[in-house]
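Enquirer: Dropping in query-v9.pdb, with PDB, C-alpha atoms and all ligand atoms.
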ATOM      1  CA  MET P  26    -251.537  23.573 -50.214
ATOM      2  CA  ILE P  27    -248.201  23.090 -51.908
ATOM      3  CA  LEU P  28    -246.344  26.407 -51.821
ATOM      4  CA  THR P  29    -243.056  26.878 -53.630
ATOM      5  CA  LEU P  30    -240.641  29.633 -52.746
ATOM      6  CA  GLY P  31    -238.786  29.549 -56.005
ATOM      7  CA  HIS P  32    -236.667  31.819 -58.105
ATOM      8  CA  THR P  33    -233.897  31.434 -60.640
ATOM      9  CA  LYS P  34    -232.081  34.182 -58.728
ATOM     10  CA  GLY P  35    -230.335  33.529 -55.439
ATOM     11  CA  GLY P  36    -230.351  35.811 -52.441
ATOM     12  CA  VAL P  37    -233.912  37.092 -52.887
ATOM     13  CA  GLY P  38    -235.195  35.642 -49.598
ATOM     14  CA  LYS P  39    -236.620  32.245 -50.592
ATOM     15  CA  SER P  40    -235.114  30.301 -47.696
ATOM     16  CA  THR P  41    -235.794  33.034 -45.155
ATOM     17  CA  LEU P  42    -239.467  33.282 -46.077
ATOM     18  CA  ALA P  43    -239.905  29.515 -46.518
ATOM     19  CA  LEU P  44    -238.722  28.910 -42.957
ATOM     20  CA  ASN P  45    -240.973  31.624 -41.539
ATOM     21  CA  ILE P  46    -243.997  30.453 -43.501
ATOM     22  CA  ALA P  47    -243.574  26.771 -42.591
ATOM     23  CA  ILE P  48    -243.223  27.589 -38.875
ATOM     24  CA  GLU P  49    -246.258  29.899 -38.985
ATOM     25  CA  ARG P  50    -248.336  27.115 -40.542
ATOM     26  CA  LEU P  51    -247.221  24.705 -37.824
ATOM     27  CA  LEU P  52    -248.001  27.280 -35.124
ATOM     28  CA  ALA P  53    -251.459  27.669 -36.698
ATOM     29  CA  GLY P  54    -251.966  23.913 -36.283
ATOM     30  CA  ALA P  55    -251.504  22.814 -39.886
ATOM     31  CA  ASP P  56    -249.600  19.594 -40.467
ATOM     32  CA  THR P  57    -246.724  21.028 -42.482
ATOM     33  CA  LEU P  58    -243.679  19.649 -44.283
ATOM     34  CA  LEU P  59    -240.742  21.831 -45.242
ATOM     35  CA  VAL P  60    -238.756  20.747 -48.300
ATOM     36  CA  ASP P  61    -235.180  21.849 -48.885
ATOM     37  CA  GLY P  62    -234.810  21.678 -52.637
ATOM     38  CA  ASP P  63    -231.598  23.621 -52.832
ATOM     39  CA  PRO P  64    -228.694  21.183 -53.303
ATOM     40  CA  LYS P  65    -225.850  23.629 -52.801
ATOM     41  CA  GLN P  66    -227.158  25.969 -50.175
ATOM     42  CA  THR P  67    -228.736  23.678 -47.658
ATOM     43  CA  SER P  68    -229.417  26.662 -45.438
ATOM     44  CA  ILE P  69    -232.917  25.537 -44.541
ATOM     45  CA  SER P  70    -231.635  22.156 -43.375
ATOM     46  CA  LYS P  71    -228.956  23.852 -41.282
ATOM     47  CA  ALA P  72    -231.441  26.218 -39.675
ATOM     48  CA  ILE P  73    -233.768  23.328 -38.871
ATOM     49  CA  GLY P  74    -230.821  21.403 -37.418
ATOM     50  CA  ILE P  75    -230.060  24.284 -35.047
ATOM     51  CA  ARG P  76    -233.734  24.459 -34.114
ATOM     52  CA  ALA P  77    -233.678  20.747 -33.297
ATOM     53  CA  ASP P  78    -230.519  21.155 -31.188
ATOM     54  CA  ASP P  79    -232.313  23.931 -29.289
ATOM     55  CA  ARG P  80    -235.248  21.509 -28.781
ATOM     56  CA  ARG P  81    -237.612  24.183 -29.924
ATOM     57  CA  VAL P  82    -241.223  23.251 -30.545
ATOM     58  CA  PRO P  83    -243.030  22.901 -32.792
ATOM     59  CA  LEU P  84    -240.658  20.440 -34.375
ATOM     60  CA  VAL P  85    -240.381  21.121 -38.086
ATOM     61  CA  PRO P  86    -240.504  18.111 -40.394
ATOM     62  CA  CYS P  87    -237.952  18.893 -43.092
ATOM     63  CA  ILE P  88    -236.592  16.769 -45.925
ATOM     64  CA  VAL P  89    -234.026  17.409 -48.648
ATOM     65  CA  LEU P  90    -235.344  16.761 -52.154
ATOM     66  CA  ASP P  91    -232.890  18.294 -54.549
ATOM     67  CA  HIS P  92    -233.259  15.995 -57.541
ATOM     68  CA  ALA P  93    -236.052  16.685 -59.963
ATOM     69  CA  LYS P  94    -237.354  13.143 -60.273
ATOM     70  CA  ALA P  95    -237.269  12.466 -56.530
ATOM     71  CA  LEU P  96    -238.899  15.803 -55.780
ATOM     72  CA  ARG P  97    -241.789  15.212 -58.176
ATOM     73  CA  HIS P  98    -242.265  11.632 -57.022
ATOM     74  CA  GLN P  99    -242.015  12.262 -53.274
ATOM     75  CA  ILE P 100    -244.210  15.354 -53.313
ATOM     76  CA  GLY P 101    -246.791  13.324 -55.216
ATOM     77  CA  LEU P 102    -246.709  10.727 -52.430
ATOM     78  CA  LEU P 103    -246.595  13.164 -49.515
ATOM     79  CA  LYS P 104    -249.184  15.709 -50.595
ATOM     80  CA  SER P 105    -252.068  13.630 -49.235
ATOM     81  CA  LYS P 106    -250.248  13.174 -45.909
ATOM     82  CA  TYR P 107    -249.675  16.850 -45.152
ATOM     83  CA  GLN P 108    -252.038  19.791 -45.093
ATOM     84  CA  ASP P 109    -249.255  22.064 -46.226
ATOM     85  CA  ILE P 110    -245.964  21.569 -48.017
ATOM     86  CA  VAL P 111    -243.515  24.455 -48.320
ATOM     87  CA  ILE P 112    -240.755  23.964 -50.911
ATOM     88  CA  ASP P 113    -237.633  26.121 -50.946
ATOM     89  CA  VAL P 114    -235.950  25.770 -54.312
ATOM     90  CA  GLY P 115    -233.823  27.933 -56.526
ATOM     91  CA  GLY P 116    -231.020  28.247 -58.969
ATOM     92  CA  LYS P 117    -230.720  29.100 -62.593
ATOM     93  CA  ASP P 118    -231.847  26.223 -64.809
ATOM     94  CA  SER P 119    -232.357  24.071 -61.759
ATOM     95  CA  ASN P 120    -234.194  20.887 -62.614
ATOM     96  CA  ALA P 121    -235.488  20.758 -59.048
ATOM     97  CA  LEU P 122    -237.056  24.195 -59.528
ATOM     98  CA  ARG P 123    -238.694  23.056 -62.755
ATOM     99  CA  ALA P 124    -239.954  19.918 -61.016
ATOM    100  CA  ALA P 125    -241.374  21.954 -58.127
ATOM    101  CA  LEU P 126    -243.310  24.084 -60.601
ATOM    102  CA  THR P 127    -244.945  20.971 -62.038
ATOM    103  CA  VAL P 128    -246.430  20.015 -58.650
ATOM    104  CA  THR P 129    -247.014  23.331 -56.893
ATOM    105  CA  ASP P 130    -250.358  25.008 -56.241
ATOM    106  CA  THR P 131    -248.779  28.395 -55.598
ATOM    107  CA  LEU P 132    -245.444  29.956 -56.439
ATOM    108  CA  LEU P 133    -244.299  32.794 -54.208
ATOM    109  CA  LEU P 134    -241.613  35.025 -55.660
ATOM    110  CA  PRO P 135    -239.726  37.257 -53.243
ATOM    111  CA  ILE P 136    -238.578  40.359 -55.114
ATOM    112  CA  GLY P 137    -236.396  43.081 -53.654
ATOM    113  CA  PRO P 138    -236.303  46.773 -54.596
ATOM    114  CA  GLU P 139    -233.101  46.390 -56.610
ATOM    115  CA  SER P 140    -232.541  46.558 -60.368
ATOM    116  CA  VAL P 141    -230.970  43.100 -60.504
ATOM    117  CA  GLU P 142    -234.017  41.588 -58.843
ATOM    118  CA  ILE P 143    -236.383  43.383 -61.194
ATOM    119  CA  TRP P 144    -234.384  42.213 -64.200
ATOM    120  CA  ALA P 145    -234.534  38.650 -62.916
ATOM    121  CA  ILE P 146    -238.350  38.548 -63.143
ATOM    122  CA  ASP P 147    -238.329  37.921 -66.915
ATOM    123  CA  ASP P 148    -235.875  35.081 -66.500
ATOM    124  CA  MET P 149    -238.055  33.423 -63.897
ATOM    125  CA  LEU P 150    -241.232  33.962 -65.900
ATOM    126  CA  GLU P 151    -239.808  31.950 -68.772
ATOM    127  CA  LEU P 152    -239.824  28.921 -66.485
ATOM    128  CA  VAL P 153    -243.229  29.848 -65.102
ATOM    129  CA  ASP P 154    -244.803  30.111 -68.564
ATOM    130  CA  GLU P 155    -243.330  26.771 -69.554
ATOM    131  CA  ALA P 156    -244.659  25.110 -66.386
ATOM    132  CA  ARG P 157    -248.053  26.790 -66.660
ATOM    133  CA  SER P 158    -248.548  25.331 -70.118
ATOM    134  CA  LEU P 159    -248.603  21.936 -68.368
ATOM    135  CA  HIS P 160    -250.633  22.773 -65.271
ATOM    136  CA  ASP P 161    -251.979  26.009 -63.869
ATOM    137  CA  PHE P 162    -250.856  27.460 -60.557
ATOM    138  CA  ARG P 163    -251.083  30.748 -58.740
ATOM    139  CA  VAL P 164    -248.099  33.095 -58.933
ATOM    140  CA  LEU P 165    -247.705  35.584 -56.092
ATOM    141  CA  ALA P 166    -244.948  38.111 -55.520
ATOM    142  CA  VAL P 167    -243.924  39.751 -52.289
ATOM    143  CA  LEU P 168    -241.773  42.834 -52.008
ATOM    144  CA  ASN P 169    -239.002  41.580 -49.718
ATOM    145  CA  ARG P 170    -236.276  43.609 -48.030
ATOM    146  CA  ALA P 171    -238.365  46.728 -48.591
ATOM    147  CA  LYS P 172    -236.423  49.899 -47.866
ATOM    148  CA  PRO P 173    -237.447  52.216 -45.019
ATOM    149  CA  ALA P 174    -237.575  55.268 -47.290
ATOM    150  CA  GLY P 175    -237.152  56.482 -50.848
ATOM    151  CA  GLN P 176    -238.725  55.701 -54.183
ATOM    152  CA  ASP P 177    -237.307  52.218 -54.854
ATOM    153  CA  ASN P 178    -240.165  50.271 -53.232
ATOM    154  CA  ALA P 179    -242.829  52.109 -55.240
ATOM    155  CA  ASP P 180    -240.842  51.769 -58.464
ATOM    156  CA  THR P 181    -240.451  48.017 -57.921
ATOM    157  CA  ILE P 182    -244.139  47.598 -57.113
ATOM    158  CA  ALA P 183    -245.046  49.454 -60.312
ATOM    159  CA  VAL P 184    -242.894  47.092 -62.382
ATOM    160  CA  ILE P 185    -244.348  43.954 -60.750
ATOM    161  CA  GLN P 186    -247.872  45.224 -61.354
ATOM    162  CA  GLU P 187    -247.172  45.362 -65.085
ATOM    163  CA  TYR P 188    -246.989  41.567 -65.198
ATOM    164  CA  PRO P 189    -250.513  40.215 -65.710
ATOM    165  CA  GLY P 190    -249.523  36.717 -64.581
ATOM    166  CA  ILE P 191    -248.246  37.805 -61.163
ATOM    167  CA  LYS P 192    -250.389  38.881 -58.218
ATOM    168  CA  LEU P 193    -248.546  41.227 -55.888
ATOM    169  CA  ILE P 194    -249.244  40.648 -52.210
ATOM    170  CA  PRO P 195    -250.379  43.769 -50.347
ATOM    171  CA  GLY P 196    -247.853  45.168 -47.917
ATOM    172  CA  SER P 197    -244.220  44.176 -47.936
ATOM    173  CA  VAL P 198    -241.521  42.547 -45.834
ATOM    174  CA  GLY P 199    -239.003  45.085 -44.615
ATOM    175  CA  ASN P 200    -235.234  44.790 -44.664
ATOM    176  CA  ARG P 201    -234.889  43.889 -40.996
ATOM    177  CA  SER P 202    -231.979  42.196 -39.274
ATOM    178  CA  ILE P 203    -234.405  40.092 -37.206
ATOM    179  CA  PHE P 204    -235.035  37.992 -40.324
ATOM    180  CA  SER P 205    -231.416  36.846 -40.494
ATOM    181  CA  SER P 206    -231.062  36.617 -36.690
ATOM    182  CA  ALA P 207    -234.167  34.437 -36.373
ATOM    183  CA  PHE P 208    -233.117  32.286 -39.347
ATOM    184  CA  GLY P 209    -229.761  31.644 -37.691
ATOM    185  CA  ARG P 210    -231.613  30.010 -34.778
ATOM    186  CA  GLY P 211    -234.098  28.215 -36.994
ATOM    187  CA  GLN P 212    -236.898  30.425 -35.733
ATOM    188  CA  SER P 213    -239.640  32.485 -37.291
ATOM    189  CA  VAL P 214    -239.754  36.181 -36.449
ATOM    190  CA  THR P 215    -242.837  35.545 -34.303
ATOM    191  CA  GLU P 216    -240.774  33.255 -32.070
ATOM    192  CA  TYR P 217    -237.551  35.232 -31.909
ATOM    193  CA  LYS P 218    -236.817  37.443 -28.914
ATOM    194  CA  PRO P 219    -236.530  40.370 -28.651
ATOM    195  CA  ARG P 220    -239.632  40.718 -30.743
ATOM    196  CA  ASN P 221    -239.889  43.067 -33.654
ATOM    197  CA  ARG P 222    -243.554  43.997 -33.944
ATOM    198  CA  LYS P 223    -243.234  45.344 -37.461
ATOM    199  CA  ALA P 224    -241.676  42.125 -38.747
ATOM    200  CA  VAL P 225    -244.365  40.063 -36.989
ATOM    201  CA  ALA P 226    -247.106  42.193 -38.558
ATOM    202  CA  GLU P 227    -245.528  41.926 -42.009
ATOM    203  CA  LEU P 228    -245.354  38.156 -41.753
ATOM    204  CA  ALA P 229    -249.006  38.023 -40.648
ATOM    205  CA  THR P 230    -250.038  40.030 -43.715
ATOM    206  CA  LEU P 231    -248.040  37.699 -45.936
ATOM    207  CA  MET P 232    -249.608  34.599 -44.345
ATOM    208  CA  LEU P 233    -253.101  36.018 -44.822
ATOM    209  CA  ALA P 234    -252.458  36.771 -48.485
ATOM    210  CA  VAL P 235    -251.089  33.284 -49.173
ATOM    211  CA  TYR P 236    -253.391  31.153 -46.987
ATOM    212  CA  GLY P 237    -256.303  33.461 -46.226
ATOM    213  CA  ASP P 238    -258.742  32.446 -48.941
TER     214      ASP P 238
HETATM  215  N1  LIG P 301    -236.638  40.672 -45.141
HETATM  216  C1  LIG P 301    -235.315  40.536 -44.947
HETATM  217  N2  LIG P 301    -234.661  41.408 -44.139
HETATM  218  C2  LIG P 301    -233.334  41.302 -43.949
HETATM  219  N3  LIG P 301    -232.565  40.360 -44.498
HETATM  220  C3  LIG P 301    -233.159  39.462 -45.303
HETATM  221  C4  LIG P 301    -234.556  39.490 -45.564
HETATM  222  N4  LIG P 301    -234.841  38.469 -46.409
HETATM  223  C5  LIG P 301    -233.683  37.834 -46.669
HETATM  224  N5  LIG P 301    -232.677  38.428 -46.009
HETATM  225  C6  LIG P 301    -231.241  38.060 -46.044
HETATM  226  O1  LIG P 301    -230.823  38.025 -47.393
HETATM  227  C7  LIG P 301    -229.914  36.969 -47.606
HETATM  228  C8  LIG P 301    -230.478  36.036 -48.668
HETATM  229  O2  LIG P 301    -231.674  35.456 -48.166
HETATM  230  P1  LIG P 301    -232.038  33.929 -48.469
HETATM  231  O3  LIG P 301    -233.342  33.664 -47.799
HETATM  232  O4  LIG P 301    -230.884  33.038 -48.119
HETATM  233  O5  LIG P 301    -232.216  33.990 -50.047
HETATM  234  P2  LIG P 301    -232.354  32.809 -51.120
HETATM  235  O6  LIG P 301    -232.842  31.595 -50.390
HETATM  236  O7  LIG P 301    -233.338  33.332 -52.123
HETATM  237  O8  LIG P 301    -231.004  32.623 -51.732
HETATM  238  C9  LIG P 301    -229.709  36.289 -46.263
HETATM  239  O9  LIG P 301    -228.554  36.816 -45.670
HETATM  240  C10 LIG P 301    -230.951  36.695 -45.464
HETATM  241  O10 LIG P 301    -230.713  36.758 -44.073
HETATM  242 MG    MG P 302    -231.904  29.742 -50.233
END
Would you mind giving the structure from this file in structure tokens?
Expert:
Amino acid sequence: MILTLGHTKGGVGKSTLALNIAIERLLAGADTLLVDGDPKQTSISKAIGIRADDRRVPLVPCIVLDHAKALRHQIGLLKSKYQDIVIDVGGKDSNALRAALTVTDTLLLPIGPESVEIWAIDDMLELVDEARSLHDFRVLAVLNRAKPAGQDNADTIAVIQEYPGIKLIPGSVGNRSIFSSAFGRGQSVTEYKPRNRKAVAELATLMLAVYGD
């Protein structure tokens, strides 16, 4: 499956979740390629570089494809060679993001319980609608950086559920420092020690929703 973590808004958790998802697929035995489609914030590439320096297995095949034409072309070539491709791509009016939407099977939108992230949904859906007029793909949303208490999570979920074109993944990913700590070592939260059971369980729920059926 080609999965795109994409959003016109930065800072929503695309790179963090892309890294975790790609490593989980590799740990599950799927031949997986991670694609860094973000020209300015090559955070995925950096994290994978640190992982390589640490000689941590599984090794994570990762390539930078930040130009629209190259991304479309290379993904077209590579999709038969990998069971799974995970693309991390963002930026407002990014041609690479548009290109990723033309080849993806699934788009996963991380959305946080913040007004600015809720407002950004419409912006992103303009691109999605445009891309879906050319080829259909599944659009999933995950509540990321969920708060430990208060009404904001429920309010955000209610807004997402009003969009007929978006399927909200059950559960959520909490706002947990392990996600940034693990990312800084190029690790998924299932690998990182000390373990955080809640984060591991949240990632498992996310994986099941994306790859389970
Ligand atoms: N679930 C989470 N819990 C805590 N911090 C998170 C979580 N998801 C993302 N972050 C943090 O939020 C910031 C933005 O995340 P990032 O994945 O770089 O977003 P994007 O790729 O969409 O720009 C980073 O500092 C990252 O560590
Ligand atoms: Mg990023």
Enquirer: Produce as a list in words the set of residues near ligand MG 302 (chain P), where near means within 8 Å with only C-alpha atoms and all ligand atoms considered.
Expert: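 Within the 8 Å cut-off, the matching residues are Gly35, Gly36, Gly38, Lys39, Ser40, Thr41, Asp63, Gln66, Thr67, Ser68, Ile69, Asp113, Val114 and Gly115 of chain P.
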Enquirer: Give me, as a compact mmCIF listing (two decimals) with C-alpha atoms, in the coordinates of the input, all polymer residues having an atom no more than 12 Å from segment 119-122 of chain P, counting all atoms listed in the file and skipping those fewer than 3 positions away in the same chain.
Expert:
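Contents of part01.txt, freshly written:
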# COMPACT_ATOMS: atom_id res chain seq x y z
CA THR P 29 -243.06 26.88 -53.63
CA LEU P 30 -240.64 29.63 -52.75
CA GLY P 31 -238.79 29.55 -56.00
CA HIS P 32 -236.67 31.82 -58.10
CA THR P 33 -233.90 31.43 -60.64
CA LYS P 34 -232.08 34.18 -58.73
CA GLY P 35 -230.34 33.53 -55.44
CA VAL P 60 -238.76 20.75 -48.30
CA ASP P 61 -235.18 21.85 -48.88
CA GLY P 62 -234.81 21.68 -52.64
CA ASP P 63 -231.60 23.62 -52.83
CA PRO P 64 -228.69 21.18 -53.30
CA LYS P 65 -225.85 23.63 -52.80
CA VAL P 89 -234.03 17.41 -48.65
CA LEU P 90 -235.34 16.76 -52.15
CA ASP P 91 -232.89 18.29 -54.55
CA HIS P 92 -233.26 16.00 -57.54
CA ALA P 93 -236.05 16.68 -59.96
CA LYS P 94 -237.35 13.14 -60.27
CA ALA P 95 -237.27 12.47 -56.53
CA LEU P 96 -238.90 15.80 -55.78
CA ARG P 97 -241.79 15.21 -58.18
CA HIS P 98 -242.26 11.63 -57.02
CA ILE P 100 -244.21 15.35 -53.31
CA ILE P 112 -240.76 23.96 -50.91
CA ASP P 113 -237.63 26.12 -50.95
CA VAL P 114 -235.95 25.77 -54.31
CA GLY P 115 -233.82 27.93 -56.53
CA GLY P 116 -231.02 28.25 -58.97
CA ALA P 125 -241.37 21.95 -58.13
CA LEU P 126 -243.31 24.08 -60.60
CA THR P 127 -244.94 20.97 -62.04
CA VAL P 128 -246.43 20.02 -58.65
CA THR P 129 -247.01 23.33 -56.89
CA LEU P 132 -245.44 29.96 -56.44
CA MET P 149 -238.06 33.42 -63.90
CA LEU P 152 -239.82 28.92 -66.48
CA VAL P 153 -243.23 29.85 -65.10
CA ALA P 156 -244.66 25.11 -66.39
Enquirer: Taking the file above as input, evaluate the PyMOL selection byres (((chain P and resi 167) around 9) and not hetatm) and report the hits as a list of chain:residue names.
Expert: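 That selection, the PyMOL selection byres (((chain P and resi 167) around 9) and not hetatm), comes back as P:Leu133, P:Leu134, P:Pro135, P:Ile136, P:Gly137, P:Leu165, P:Ala166, P:Leu168, P:Asn169, P:Lys192, P:Leu193, P:Ile194, P:Pro195, P:Gly196, P:Ser197, P:Val198, P:Leu231.
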Enquirer: Rounded to one decimal in Å, what is the spacing between atom CA of Glu216 of chain P and atom CA of Val111 of chain P?
Expert: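 Atom CA of Val111 of chain P lies at a distance of 18.7 Å from atom CA of Glu216 of chain P.
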Enquirer: Put the listed atoms of ligand LIG 301 (chain P) in a box along x, y and z with 8 Å added on every side and give me the centre and edge lengths in Å to one decimal, as AutoDock Vina command-line options.
Expert:
--center_x -232.6 --center_y 36.5 --center_z -48.0 --size_x 24.1 --size_y 25.8 --size_z 24.2
Enquirer: What separation in Å, quoted to one decimal, exists between atom CA of Gly175 of chain P and atom CA of Ser206 of chain P?
Expert: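 Spanning atom CA of Gly175 of chain P to atom CA of Ser206 of chain P is a straight-line distance of 25.1 Å.
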Enquirer: Skipping near chain neighbours, those fewer than 3 positions away, what residues fall within 8 Å of Asn200 of chain P using all atoms listed in the file, listed as a PDB file with C-alpha atoms, in the frame of the given file?
Expert:
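Dumped everything to part-v1.pdb:
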ATOM      1  CA  ASN P 169    -239.002  41.580 -49.718  1.00  0.00           C
ATOM      2  CA  ARG P 170    -236.276  43.609 -48.030  1.00  0.00           C
ATOM      3  CA  ALA P 171    -238.365  46.728 -48.591  1.00  0.00           C
ATOM      4  CA  LYS P 172    -236.423  49.899 -47.866  1.00  0.00           C
ATOM      5  CA  PRO P 173    -237.447  52.216 -45.019  1.00  0.00           C
TER       6      PRO P 173
END
Enquirer: Point out the residue among P:Glu151, P:Glu142, P:Asp161, P:Asp56 with the least atom-to-atom distance to ligand LIG 301 (chain P), counting all atoms listed in the file.
Expert: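 Nearest to ligand LIG 301 (chain P): P:Glu142.
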Enquirer: I'd like the neighbourhood of Gly74 of chain P as a list of chain:residue names, where a residue qualifies if any of its atoms comes within 12 Å (using all atoms listed in the file), though same-chain residues fewer than 6 positions away should be ignored.
Expert: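 Final neighbour list, sorted by chain and number: P:Thr67, P:Ser68, P:Arg80, P:Arg81, P:Leu84, P:Val85, P:Pro86, P:Cys87, P:Ile88, P:Phe208, P:Gly209, P:Arg210, P:Gly211, P:Gln212.
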Enquirer: With N, CA and C atoms as the goal, would you fill in the gaps in segment 210-230 of chain P and present it as a PDB file, keeping the file's coordinate frame?
Expert:
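Dumped everything to part_22.pdb:
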ATOM      1  N   ARG P 210    -231.211  30.894 -35.884  1.00  0.00           N
ATOM      2  CA  ARG P 210    -231.613  30.010 -34.778  1.00  0.00           C
ATOM      3  C   ARG P 210    -232.723  29.056 -35.219  1.00  0.00           C
ATOM      4  N   GLY P 211    -233.035  29.089 -36.500  1.00  0.00           N
ATOM      5  CA  GLY P 211    -234.098  28.215 -36.994  1.00  0.00           C
ATOM      6  C   GLY P 211    -235.469  28.628 -36.500  1.00  0.00           C
ATOM      7  N   GLN P 212    -235.630  29.930 -36.278  1.00  0.00           N
ATOM      8  CA  GLN P 212    -236.898  30.425 -35.733  1.00  0.00           C
ATOM      9  C   GLN P 212    -237.594  31.365 -36.715  1.00  0.00           C
ATOM     10  N   SER P 213    -238.909  31.460 -36.543  1.00  0.00           N
ATOM     11  CA  SER P 213    -239.640  32.485 -37.291  1.00  0.00           C
ATOM     12  C   SER P 213    -239.540  33.786 -36.501  1.00  0.00           C
ATOM     13  N   VAL P 214    -239.859  34.882 -37.143  1.00  0.00           N
ATOM     14  CA  VAL P 214    -239.754  36.181 -36.449  1.00  0.00           C
ATOM     15  C   VAL P 214    -240.816  36.323 -35.346  1.00  0.00           C
ATOM     16  N   THR P 215    -241.843  35.485 -35.391  1.00  0.00           N
ATOM     17  CA  THR P 215    -242.837  35.545 -34.303  1.00  0.00           C
ATOM     18  C   THR P 215    -242.304  34.866 -33.044  1.00  0.00           C
ATOM     19  N   GLU P 216    -241.338  33.967 -33.216  1.00  0.00           N
ATOM     20  CA  GLU P 216    -240.774  33.255 -32.070  1.00  0.00           C
ATOM     21  C   GLU P 216    -239.589  34.002 -31.467  1.00  0.00           C
ATOM     22  N   TYR P 217    -238.848  34.669 -32.302  1.00  0.00           N
ATOM     23  CA  TYR P 217    -237.551  35.232 -31.909  1.00  0.00           C
ATOM     24  C   TYR P 217    -237.711  36.388 -30.907  1.00  0.00           C
ATOM     25  N   LYS P 218    -236.839  36.374 -29.917  1.00  0.00           N
ATOM     26  CA  LYS P 218    -236.817  37.443 -28.914  1.00  0.00           C
ATOM     27  C   LYS P 218    -235.483  38.171 -28.986  1.00  0.00           C
ATOM     28  N   PRO P 219    -235.385  39.500 -28.850  1.00  0.00           N
ATOM     29  CA  PRO P 219    -236.530  40.370 -28.651  1.00  0.00           C
ATOM     30  C   PRO P 219    -237.385  40.487 -29.908  1.00  0.00           C
ATOM     31  N   ARG P 220    -238.668  40.651 -29.670  1.00  0.00           N
ATOM     32  CA  ARG P 220    -239.632  40.718 -30.743  1.00  0.00           C
ATOM     33  C   ARG P 220    -239.493  42.000 -31.560  1.00  0.00           C
ATOM     34  N   ASN P 221    -239.809  41.877 -32.815  1.00  0.00           N
ATOM     35  CA  ASN P 221    -239.889  43.067 -33.654  1.00  0.00           C
ATOM     36  C   ASN P 221    -241.322  43.096 -34.198  1.00  0.00           C
ATOM     37  N   ARG P 222    -242.119  43.975 -33.620  1.00  0.00           N
ATOM     38  CA  ARG P 222    -243.554  43.997 -33.944  1.00  0.00           C
ATOM     39  C   ARG P 222    -243.826  44.224 -35.428  1.00  0.00           C
ATOM     40  N   LYS P 223    -242.994  45.052 -36.040  1.00  0.00           N
ATOM     41  CA  LYS P 223    -243.234  45.344 -37.461  1.00  0.00           C
ATOM     42  C   LYS P 223    -243.014  44.088 -38.305  1.00  0.00           C
ATOM     43  N   ALA P 224    -241.950  43.361 -37.991  1.00  0.00           N
ATOM     44  CA  ALA P 224    -241.676  42.125 -38.747  1.00  0.00           C
ATOM     45  C   ALA P 224    -242.799  41.113 -38.534  1.00  0.00           C
ATOM     46  N   VAL P 225    -243.277  41.002 -37.303  1.00  0.00           N
ATOM     47  CA  VAL P 225    -244.365  40.063 -36.989  1.00  0.00           C
ATOM     48  C   VAL P 225    -245.621  40.437 -37.777  1.00  0.00           C
ATOM     49  N   ALA P 226    -245.913  41.733 -37.830  1.00  0.00           N
ATOM     50  CA  ALA P 226    -247.106  42.193 -38.558  1.00  0.00           C
ATOM     51  C   ALA P 226    -246.953  41.941 -40.058  1.00  0.00           C
ATOM     52  N   GLU P 227    -245.757  42.151 -40.572  1.00  0.00           N
ATOM     53  CA  GLU P 227    -245.528  41.926 -42.009  1.00  0.00           C
ATOM     54  C   GLU P 227    -245.703  40.448 -42.363  1.00  0.00           C
ATOM     55  N   LEU P 228    -245.212  39.591 -41.496  1.00  0.00           N
ATOM     56  CA  LEU P 228    -245.354  38.156 -41.753  1.00  0.00           C
ATOM     57  C   LEU P 228    -246.831  37.751 -41.687  1.00  0.00           C
ATOM     58  N   ALA P 229    -247.569  38.330 -40.762  1.00  0.00           N
ATOM     59  CA  ALA P 229    -249.006  38.023 -40.648  1.00  0.00           C
ATOM     60  C   ALA P 229    -249.745  38.424 -41.927  1.00  0.00           C
ATOM     61  N   THR P 230    -249.408  39.575 -42.473  1.00  0.00           N
ATOM     62  CA  THR P 230    -250.038  40.030 -43.715  1.00  0.00           C
ATOM     63  C   THR P 230    -249.712  39.078 -44.861  1.00  0.00           C
TER      64      THR P 230
END
